[in-house]
Amino acid sequence: MANRNRPARPRLDRRILLIALLLVLAVAAVYGQTAHHEFIAYDDDTYIFNNQPVKDGLTWKGLLWSAGYRGANWHPLTWLSHMLDCQIFGLWAGGHHLVSVGLHAGNAVLLFAVLKAMTGACWRSAAVAALFALHPLRVESVAWAAERKDVLSALFWLLTMGAYLRYARRPAARRYLAALGLFALGLAAKPMLVTLPCVLLLLDWWPLGRTLPSGTGVPTRATLAGSRTGRALLAEKVPFLALSLVSSLLTLRAQTLNVIPMVAPDVWTRLANAATSYLKYLGAFLWPDRLAFLYPYPREALGWGGGAAAVALALITVAALMAGRRRPYLPVGWLWYLGTLVPVIGLIQVGGQARSDRYTYLTLVGVAVALVWLAGDLWPRRSAARRGLTLACVIVIVGLGAAAFRYVRVWRDSIALFQYTVGVTRDNYIVLNNLGSMLMSAGRNEEASSILRETARIEPEHCNAHYNLGLTLNRLARHAEAMEALTRALDCYRREERRGVYIADTHFNIGAALSGLGRAAEAERQFRAALQIVPDYPGAHLALYEARARQGKR
């Protein structure tokens, strides 16, 4: 006999199911085309198709390998996800892409569900989730296989928020440990989650109301039950902050061991670039035009631009804080944005990029929340006006989805992506070099040589540009020019204190150029130099034998 006193389970709102289904279908419509895309010859090689432990799939040996410092990071969970993809799909790039698409769709639904549960606002939460799902700034994280860490870590970020919400409303040790465990898994996918404890503190203010500041309205039974003093809330986050500290130390160690040394910009240049990047990310969020997967670091001083950007950021921050009494979502959303970008804003410069769109995968959620909630509060409450706001939201979201669909097409293969990027950026010598290398691999040597010459002109100290130019010119039988380019590459590698294969390859190809010029004795010395560095160098023994044969030697 059924227990008549047992409370009935609340029925799931059909609107929630409908919105979740629409989010999944919209993501599939925009990103389904990636099933036919190739891998990109930039990071996809080191993460997947030229990485033997990953290609081997899930193995005990691979599990141990993933726990080390790899790819200038410590993110074992990301490595394991790539291994699982290879276990299932092999090197079919489409399968890898579709897994990322599925994770992104799941993240959009989770974001909607968590915001809805926290705020009770269904349509505003849906609007934020739709902006997240379809904005063109998300393309880099979803369509680039090597950026699996973005979508995977975001999954655990959102799961942590959901678990924390359950704990905040009904505190219990098991709920707290669930949130802490999910956070640890997120850090194992990407260390950028180190700022999540600070976001949880912001959520304690709004929408959870655990601090109950004045102006937040009449607290509910749930917020009263979970309310805490500021000191208690901070103490509650200490285990989360401890995990963030450990992850940060592991990441710094990994980058110290794996990143090729580069001349770091001075501190004022980094500060100026950080301030301008904050505003450029905002500009791209409001008008996503001429997006690129790599924005080169500014080659000229930013001058007053950096100072003006810093002043603008300070004014926005002051305005958001002043509005916080009546509209707490404004400072919460803005501080979410400012804080979550700190680890990747370039205060510690790694790599040659000024900024990267993938860094905004979760950071701009704060801005979206602030703007959507503000629009909802300021818009007239008449039914006709509300219909107008709904129509405007739909138009914006459809327009963003169409722009994202076009941008996803650019990611179909390496040459298409690199050509597009060169067209929307200026003096992008890193991408120019990669484009030249890809054209050379495709046998388009004349095009490659002109692009690589331009690369070397923009950045004379780009060693690989000189090296690739030398290879291309050798293929074109322009051996004297090839030898000049390769000699510059050799000098450049030595200045950078490169070792091993870099130097050996260059000696070998200088030898090939000399052989083409009929200078067999000099070519012999170059082949011997290559073999001294790498005794089992492929092809060098045969080239040495042929050079000696031309001189009548045995």
# chains A, B, ... in the order shown; residues from 1 in each chain; ligands from 1
>>> residues_around(residues="Ala168 (chain A)", least_positions_apart="3", cutoff="8 Å", atoms="only C-alpha atoms", output="number ranges by chain")
A: 164-165, 171, 208, 210, 226
>>> residues_around(residues="Leu63 (chain A)", least_positions_apart="3", cutoff="10 Å", atoms="only C-alpha atoms", output="list in words")
Pro53, Val54, Gly57, Leu58, Thr59, Trp60, Ser66, Ala67, Gly68, Pro76, Leu77, Trp79, Leu80 and Met83 of chain A
>>> closest_residue(among="A:Leu400, A:Leu137, A:Ala29, A:Val431", to="Ser414 (chain A)", atoms="only C-alpha atoms")
A:Val431
>>> residues_around(residues="region 433-449 of chain A", least_positions_apart="3", cutoff="9 Å", atoms="only C-alpha atoms", output="PyMOL selection string")
chain A and resi 41-42+414-415+417-419+422+428-430+452-456+462+464-465+468-473+475-476
>>> write_last_selection(atoms="N, CA and C atoms", output="short mmCIF file (atom, residue, chain, number, x, y, z; two decimals), in the first residue's frame")
data_model
loop_
_atom_site.label_atom_id
_atom_site.label_comp_id
_atom_site.auth_asym_id
_atom_site.auth_seq_id
_atom_site.Cartn_x
_atom_site.Cartn_y
_atom_site.Cartn_z
N ALA A 41 47.03 22.05 -37.37
CA ALA A 41 48.47 21.88 -37.17
C ALA A 41 49.02 22.96 -36.25
N TYR A 42 48.35 23.15 -35.13
CA TYR A 42 48.81 24.09 -34.10
C TYR A 42 48.24 23.57 -32.78
N SER A 414 43.81 23.49 -41.46
CA SER A 414 44.87 24.41 -41.01
C SER A 414 45.06 25.57 -41.98
N ILE A 415 45.13 25.28 -43.27
CA ILE A 415 45.41 26.35 -44.23
C ILE A 415 44.28 27.38 -44.22
N LEU A 417 42.26 28.13 -41.76
CA LEU A 417 42.32 28.89 -40.50
C LEU A 417 43.47 29.90 -40.52
N PHE A 418 44.64 29.46 -40.98
CA PHE A 418 45.79 30.36 -40.97
C PHE A 418 45.62 31.51 -41.97
N GLN A 419 45.08 31.22 -43.15
CA GLN A 419 44.84 32.28 -44.12
C GLN A 419 43.84 33.30 -43.59
N VAL A 422 45.59 35.45 -40.79
CA VAL A 422 46.50 36.44 -41.36
C VAL A 422 45.72 37.63 -41.92
N ASN A 428 51.25 39.18 -38.05
CA ASN A 428 51.10 37.97 -37.25
C ASN A 428 52.12 36.93 -37.71
N TYR A 429 53.38 37.15 -37.31
CA TYR A 429 54.47 36.34 -37.84
C TYR A 429 54.37 34.88 -37.39
N ILE A 430 53.77 34.62 -36.22
CA ILE A 430 53.64 33.24 -35.75
C ILE A 430 52.72 32.45 -36.69
N LEU A 452 56.99 33.02 -46.12
CA LEU A 452 58.05 32.86 -45.12
C LEU A 452 59.05 34.01 -45.18
N ARG A 453 59.28 34.57 -46.36
CA ARG A 453 60.12 35.78 -46.45
C ARG A 453 59.47 36.94 -45.68
N GLU A 454 58.15 37.07 -45.82
CA GLU A 454 57.44 38.12 -45.09
C GLU A 454 57.52 37.89 -43.58
N THR A 455 57.45 36.62 -43.18
CA THR A 455 57.57 36.28 -41.76
C THR A 455 58.92 36.72 -41.21
N ALA A 456 59.98 36.38 -41.94
CA ALA A 456 61.33 36.74 -41.50
C ALA A 456 61.54 38.25 -41.51
N HIS A 462 62.87 35.22 -35.64
CA HIS A 462 62.01 34.02 -35.63
C HIS A 462 62.79 32.89 -36.31
N ASN A 464 62.43 29.63 -36.65
CA ASN A 464 61.73 28.65 -37.49
C ASN A 464 61.36 29.22 -38.85
N ALA A 465 61.14 30.55 -38.91
CA ALA A 465 60.82 31.16 -40.21
C ALA A 465 62.00 31.02 -41.16
N ASN A 468 62.27 27.21 -42.08
CA ASN A 468 61.27 26.77 -43.06
C ASN A 468 61.50 27.39 -44.43
N LEU A 469 61.95 28.65 -44.45
CA LEU A 469 62.27 29.29 -45.73
C LEU A 469 63.39 28.54 -46.42
N GLY A 470 64.41 28.13 -45.65
CA GLY A 470 65.51 27.36 -46.25
C GLY A 470 65.04 26.05 -46.84
N LEU A 471 64.15 25.34 -46.12
CA LEU A 471 63.62 24.08 -46.65
C LEU A 471 62.87 24.30 -47.96
N THR A 472 62.04 25.36 -47.99
CA THR A 472 61.25 25.65 -49.18
C THR A 472 62.14 25.98 -50.37
N LEU A 473 63.15 26.80 -50.13
CA LEU A 473 64.05 27.19 -51.22
C LEU A 473 64.87 26.00 -51.72
N ARG A 475 63.70 23.00 -51.89
CA ARG A 475 62.76 22.28 -52.75
C ARG A 475 62.61 22.95 -54.11
N LEU A 476 62.79 24.26 -54.14
CA LEU A 476 62.71 25.01 -55.39
C LEU A 476 64.05 25.04 -56.14
#
>>> residues_around(residues="region 328-344 of chain A", least_positions_apart="3", cutoff="8 Å", atoms="only C-alpha atoms", output="short mmCIF file (atom, residue, chain, number, x, y, z; two decimals) with N, CA, C and O atoms, in the first residue's frame")
data_model
loop_
_atom_site.label_atom_id
_atom_site.label_comp_id
_atom_site.auth_asym_id
_atom_site.auth_seq_id
_atom_site.Cartn_x
_atom_site.Cartn_y
_atom_site.Cartn_z
N MET A 192 42.85 27.02 -14.84
CA MET A 192 42.19 28.32 -14.83
C MET A 192 41.05 28.37 -13.82
O MET A 192 40.58 29.46 -13.46
N THR A 195 40.21 30.50 -9.79
CA THR A 195 39.44 31.66 -9.32
C THR A 195 38.03 31.29 -8.87
O THR A 195 37.30 32.15 -8.36
N LEU A 196 37.63 30.05 -9.03
CA LEU A 196 36.26 29.65 -8.69
C LEU A 196 35.90 29.92 -7.22
O LEU A 196 34.77 30.33 -6.93
N CYS A 198 36.65 32.39 -5.40
CA CYS A 198 36.26 33.80 -5.32
C CYS A 198 34.87 34.02 -5.93
O CYS A 198 34.08 34.83 -5.42
N VAL A 199 34.58 33.30 -7.01
CA VAL A 199 33.24 33.40 -7.61
C VAL A 199 32.19 32.87 -6.64
O VAL A 199 31.09 33.44 -6.52
N LEU A 202 31.29 35.56 -4.35
CA LEU A 202 30.38 36.51 -4.99
C LEU A 202 28.95 35.97 -5.02
O LEU A 202 27.99 36.70 -4.77
N LEU A 203 28.82 34.68 -5.31
CA LEU A 203 27.48 34.08 -5.36
C LEU A 203 26.83 34.05 -3.98
O LEU A 203 25.60 34.09 -3.87
N TRP A 205 26.87 36.45 -1.99
CA TRP A 205 26.23 37.76 -1.90
C TRP A 205 24.96 37.79 -2.75
O TRP A 205 23.86 38.05 -2.27
N TRP A 206 25.13 37.49 -4.04
CA TRP A 206 23.99 37.41 -4.95
C TRP A 206 24.26 36.30 -5.94
O TRP A 206 25.38 36.21 -6.47
N PRO A 207 23.33 35.45 -6.20
CA PRO A 207 21.91 35.49 -5.82
C PRO A 207 21.57 34.70 -4.55
O PRO A 207 20.41 34.68 -4.14
N THR A 216 19.04 43.73 -0.44
CA THR A 216 18.81 42.53 -1.25
C THR A 216 17.38 42.04 -1.14
O THR A 216 17.03 41.00 -1.67
N TYR A 278 41.24 43.60 -21.40
CA TYR A 278 39.94 43.57 -20.73
C TYR A 278 38.89 44.28 -21.59
O TYR A 278 37.77 43.78 -21.77
N THR A 317 34.21 49.76 -12.62
CA THR A 317 34.18 49.06 -11.34
C THR A 317 33.48 49.89 -10.27
O THR A 317 32.63 49.38 -9.52
N ALA A 320 29.74 49.98 -10.95
CA ALA A 320 29.09 48.71 -10.62
C ALA A 320 28.93 48.56 -9.11
O ALA A 320 27.87 48.13 -8.63
N LEU A 321 29.96 48.92 -8.36
CA LEU A 321 29.89 48.80 -6.90
C LEU A 321 28.84 49.76 -6.32
O LEU A 321 28.11 49.41 -5.39
N ALA A 323 26.20 50.75 -7.76
CA ALA A 323 24.86 50.25 -8.10
C ALA A 323 24.50 48.97 -7.35
O ALA A 323 23.37 48.49 -7.45
N GLY A 324 25.45 48.43 -6.60
CA GLY A 324 25.26 47.13 -5.97
C GLY A 324 24.19 47.08 -4.92
O GLY A 324 23.61 46.02 -4.67
N ARG A 325 23.88 48.22 -4.28
CA ARG A 325 22.87 48.20 -3.24
C ARG A 325 21.50 47.83 -3.81
O ARG A 325 20.76 47.04 -3.22
N LEU A 347 49.63 39.09 -17.01
CA LEU A 347 50.52 39.66 -16.01
C LEU A 347 51.80 38.84 -15.92
O LEU A 347 52.89 39.37 -15.68
N ILE A 348 51.65 37.52 -16.08
CA ILE A 348 52.80 36.63 -16.29
C ILE A 348 52.69 36.13 -17.72
O ILE A 348 51.80 35.35 -18.04
N TYR A 359 40.02 32.25 -23.58
CA TYR A 359 40.06 32.61 -22.16
C TYR A 359 38.73 33.18 -21.67
O TYR A 359 38.52 33.32 -20.47
N THR A 360 37.85 33.52 -22.59
CA THR A 360 36.56 34.10 -22.19
C THR A 360 35.46 33.05 -22.10
O THR A 360 34.29 33.40 -21.92
N THR A 363 34.53 33.36 -18.44
CA THR A 363 34.70 34.66 -17.79
C THR A 363 33.58 35.64 -18.16
O THR A 363 33.13 36.43 -17.32
N LEU A 364 33.12 35.60 -19.40
CA LEU A 364 32.10 36.55 -19.84
C LEU A 364 30.69 36.16 -19.41
O LEU A 364 29.75 36.91 -19.66
N VAL A 365 30.55 35.02 -18.75
CA VAL A 365 29.24 34.68 -18.19
C VAL A 365 28.82 35.75 -17.19
O VAL A 365 27.64 36.14 -17.13
N GLY A 366 29.77 36.26 -16.41
CA GLY A 366 29.45 37.31 -15.46
C GLY A 366 28.88 38.55 -16.13
O GLY A 366 27.88 39.13 -15.67
N VAL A 367 29.49 38.96 -17.24
CA VAL A 367 29.00 40.13 -17.98
C VAL A 367 27.62 39.85 -18.55
O VAL A 367 26.73 40.71 -18.51
N ALA A 368 27.42 38.66 -19.09
CA ALA A 368 26.11 38.30 -19.66
C ALA A 368 25.03 38.34 -18.59
O ALA A 368 23.93 38.86 -18.83
N VAL A 369 25.32 37.82 -17.42
CA VAL A 369 24.34 37.86 -16.32
C VAL A 369 23.99 39.30 -15.97
O VAL A 369 22.81 39.66 -15.84
N ALA A 370 25.02 40.14 -15.81
CA ALA A 370 24.78 41.53 -15.44
C ALA A 370 23.91 42.24 -16.48
O ALA A 370 22.95 42.95 -16.13
N LEU A 371 24.23 42.06 -17.76
CA LEU A 371 23.49 42.77 -18.81
C LEU A 371 22.06 42.25 -18.95
O LEU A 371 21.12 43.03 -19.13
N TRP A 373 20.15 40.68 -16.68
CA TRP A 373 19.33 41.06 -15.54
C TRP A 373 19.04 42.56 -15.54
O TRP A 373 17.93 42.98 -15.19
N LEU A 374 20.02 43.37 -15.97
CA LEU A 374 19.78 44.82 -16.04
C LEU A 374 18.71 45.13 -17.07
O LEU A 374 17.81 45.95 -16.83
#
>>> select_by_dssp(residues="region 121-236 of chain A", states="helix (DSSP H, G or I)", output="PyMOL selection string")
chain A and resi 122-134+136-143+145-169+173-187+191-205+221-225+230-236
>>> closest_residue(among="A:Gly230, A:Pro136, A:Pro296, A:Gly162", to="Val424 (chain A)", atoms="only C-alpha atoms")
A:Pro296
>>> residues_around(residues="region 531-541 of chain A", least_positions_apart="3", cutoff="10 Å", atoms="only C-alpha atoms", output="ChimeraX atom specification")
/A:499-505,507-509,511-512,524-528,544-547
>>> residues_around(residues="Gly186 (chain A)", least_positions_apart="2", cutoff="8 Å", atoms="only C-alpha atoms", output="list in words")
Leu152, Ser153, Ala154, Leu155, Phe156, Trp157, Leu182, Phe183, Ala184, Ala188, Ala189, Lys190, Pro191 and Leu193 of chain A
>>> closest_residue(among="A:Pro288, A:Gly32, A:Gly90, A:Gly120", to="Arg412 (chain A)", atoms="only C-alpha atoms")
A:Gly32
>>> closest_residue(among="A:Phe405, A:Ala28, A:Ala121, A:Glu140", to="Leu98 (chain A)", atoms="only C-alpha atoms")
A:Ala28
>>> atom_distance(atom1="CA of Asp289 (chain A)", atom2="CA of Arg406 (chain A)")
11.5 Å
>>> residues_around(residues="region 515-518 of chain A", least_positions_apart="4", cutoff="9 Å", atoms="only C-alpha atoms", output="PyMOL selection string")
chain A and resi 474+477-480+510-511+522-524+547+550
>>> closest_residue(among="A:Ala485, A:Leu245, A:Leu279, A:Leu294", to="Ile316 (chain A)", atoms="only C-alpha atoms")
A:Leu279
>>> decode(residues="region 224-250 of chain A", atoms="N, CA, C and O atoms", output="compact mmCIF listing (two decimals), in the first residue's frame")
# COMPACT_ATOMS: atom_id res chain seq x y z
N LEU A 224 17.90 32.35 4.69
CA LEU A 224 18.12 32.48 6.13
C LEU A 224 18.81 31.24 6.70
O LEU A 224 19.69 31.33 7.55
N ALA A 225 18.39 30.07 6.22
CA ALA A 225 18.96 28.83 6.73
C ALA A 225 20.44 28.74 6.40
O ALA A 225 21.23 28.17 7.16
N GLY A 226 20.84 29.28 5.27
CA GLY A 226 22.24 29.15 4.85
C GLY A 226 23.06 30.39 5.10
O GLY A 226 24.19 30.47 4.64
N SER A 227 22.54 31.39 5.79
CA SER A 227 23.27 32.65 5.95
C SER A 227 24.48 32.46 6.85
O SER A 227 24.51 31.65 7.75
N ARG A 228 25.52 33.25 6.58
CA ARG A 228 26.77 33.18 7.32
C ARG A 228 27.34 34.58 7.46
O ARG A 228 27.02 35.48 6.68
N THR A 229 28.22 34.75 8.43
CA THR A 229 28.97 35.99 8.50
C THR A 229 30.06 35.96 7.44
O THR A 229 30.42 34.90 6.92
N GLY A 230 30.61 37.14 7.13
CA GLY A 230 31.67 37.21 6.13
C GLY A 230 32.86 36.36 6.50
O GLY A 230 33.44 35.68 5.65
N ARG A 231 33.23 36.37 7.79
CA ARG A 231 34.39 35.58 8.23
C ARG A 231 34.11 34.09 8.06
O ARG A 231 34.99 33.32 7.63
N ALA A 232 32.91 33.67 8.38
CA ALA A 232 32.57 32.26 8.25
C ALA A 232 32.56 31.83 6.78
O ALA A 232 33.00 30.73 6.44
N LEU A 233 32.05 32.70 5.91
CA LEU A 233 32.03 32.37 4.48
C LEU A 233 33.44 32.23 3.92
O LEU A 233 33.72 31.36 3.09
N LEU A 234 34.33 33.11 4.39
CA LEU A 234 35.72 33.02 3.93
C LEU A 234 36.38 31.75 4.45
O LEU A 234 37.09 31.06 3.71
N ALA A 235 36.13 31.43 5.72
CA ALA A 235 36.70 30.21 6.28
C ALA A 235 36.20 28.98 5.53
O ALA A 235 36.92 27.99 5.35
N GLU A 236 34.95 29.04 5.12
CA GLU A 236 34.34 27.94 4.37
C GLU A 236 35.07 27.68 3.05
O GLU A 236 35.07 26.57 2.54
N LYS A 237 35.70 28.74 2.51
CA LYS A 237 36.37 28.61 1.21
C LYS A 237 37.84 28.22 1.34
O LYS A 237 38.51 28.03 0.32
N VAL A 238 38.35 28.11 2.56
CA VAL A 238 39.78 27.83 2.73
C VAL A 238 40.21 26.53 2.04
O VAL A 238 41.23 26.51 1.33
N PRO A 239 39.49 25.41 2.17
CA PRO A 239 39.91 24.21 1.43
C PRO A 239 39.91 24.42 -0.09
O PRO A 239 40.78 23.89 -0.80
N PHE A 240 38.95 25.17 -0.61
CA PHE A 240 38.93 25.48 -2.04
C PHE A 240 40.16 26.30 -2.42
O PHE A 240 40.82 26.04 -3.44
N LEU A 241 40.47 27.31 -1.60
CA LEU A 241 41.63 28.16 -1.88
C LEU A 241 42.93 27.37 -1.78
O LEU A 241 43.88 27.63 -2.53
N ALA A 242 42.98 26.40 -0.87
CA ALA A 242 44.17 25.56 -0.76
C ALA A 242 44.39 24.75 -2.03
O ALA A 242 45.53 24.63 -2.53
N LEU A 243 43.31 24.20 -2.57
CA LEU A 243 43.43 23.47 -3.84
C LEU A 243 43.86 24.40 -4.97
O LEU A 243 44.67 24.01 -5.83
N SER A 244 43.36 25.62 -4.97
CA SER A 244 43.76 26.60 -5.98
C SER A 244 45.26 26.89 -5.88
O SER A 244 45.96 27.01 -6.90
N LEU A 245 45.75 27.02 -4.66
CA LEU A 245 47.18 27.29 -4.45
C LEU A 245 48.03 26.13 -4.97
O LEU A 245 49.03 26.34 -5.68
N VAL A 246 47.63 24.90 -4.65
CA VAL A 246 48.38 23.73 -5.13
C VAL A 246 48.39 23.69 -6.66
O VAL A 246 49.43 23.46 -7.30
N SER A 247 47.23 23.92 -7.27
CA SER A 247 47.13 23.91 -8.73
C SER A 247 48.02 25.00 -9.35
O SER A 247 48.68 24.76 -10.36
N SER A 248 48.04 26.18 -8.74
CA SER A 248 48.85 27.27 -9.25
C SER A 248 50.34 26.92 -9.20
O SER A 248 51.09 27.18 -10.15
N LEU A 249 50.77 26.32 -8.09
CA LEU A 249 52.18 25.93 -7.97
C LEU A 249 52.55 24.86 -8.99
O LEU A 249 53.64 24.90 -9.59
N LEU A 250 51.66 23.90 -9.19
CA LEU A 250 51.92 22.86 -10.19
C LEU A 250 52.02 23.46 -11.59
O LEU A 250 52.87 23.07 -12.40
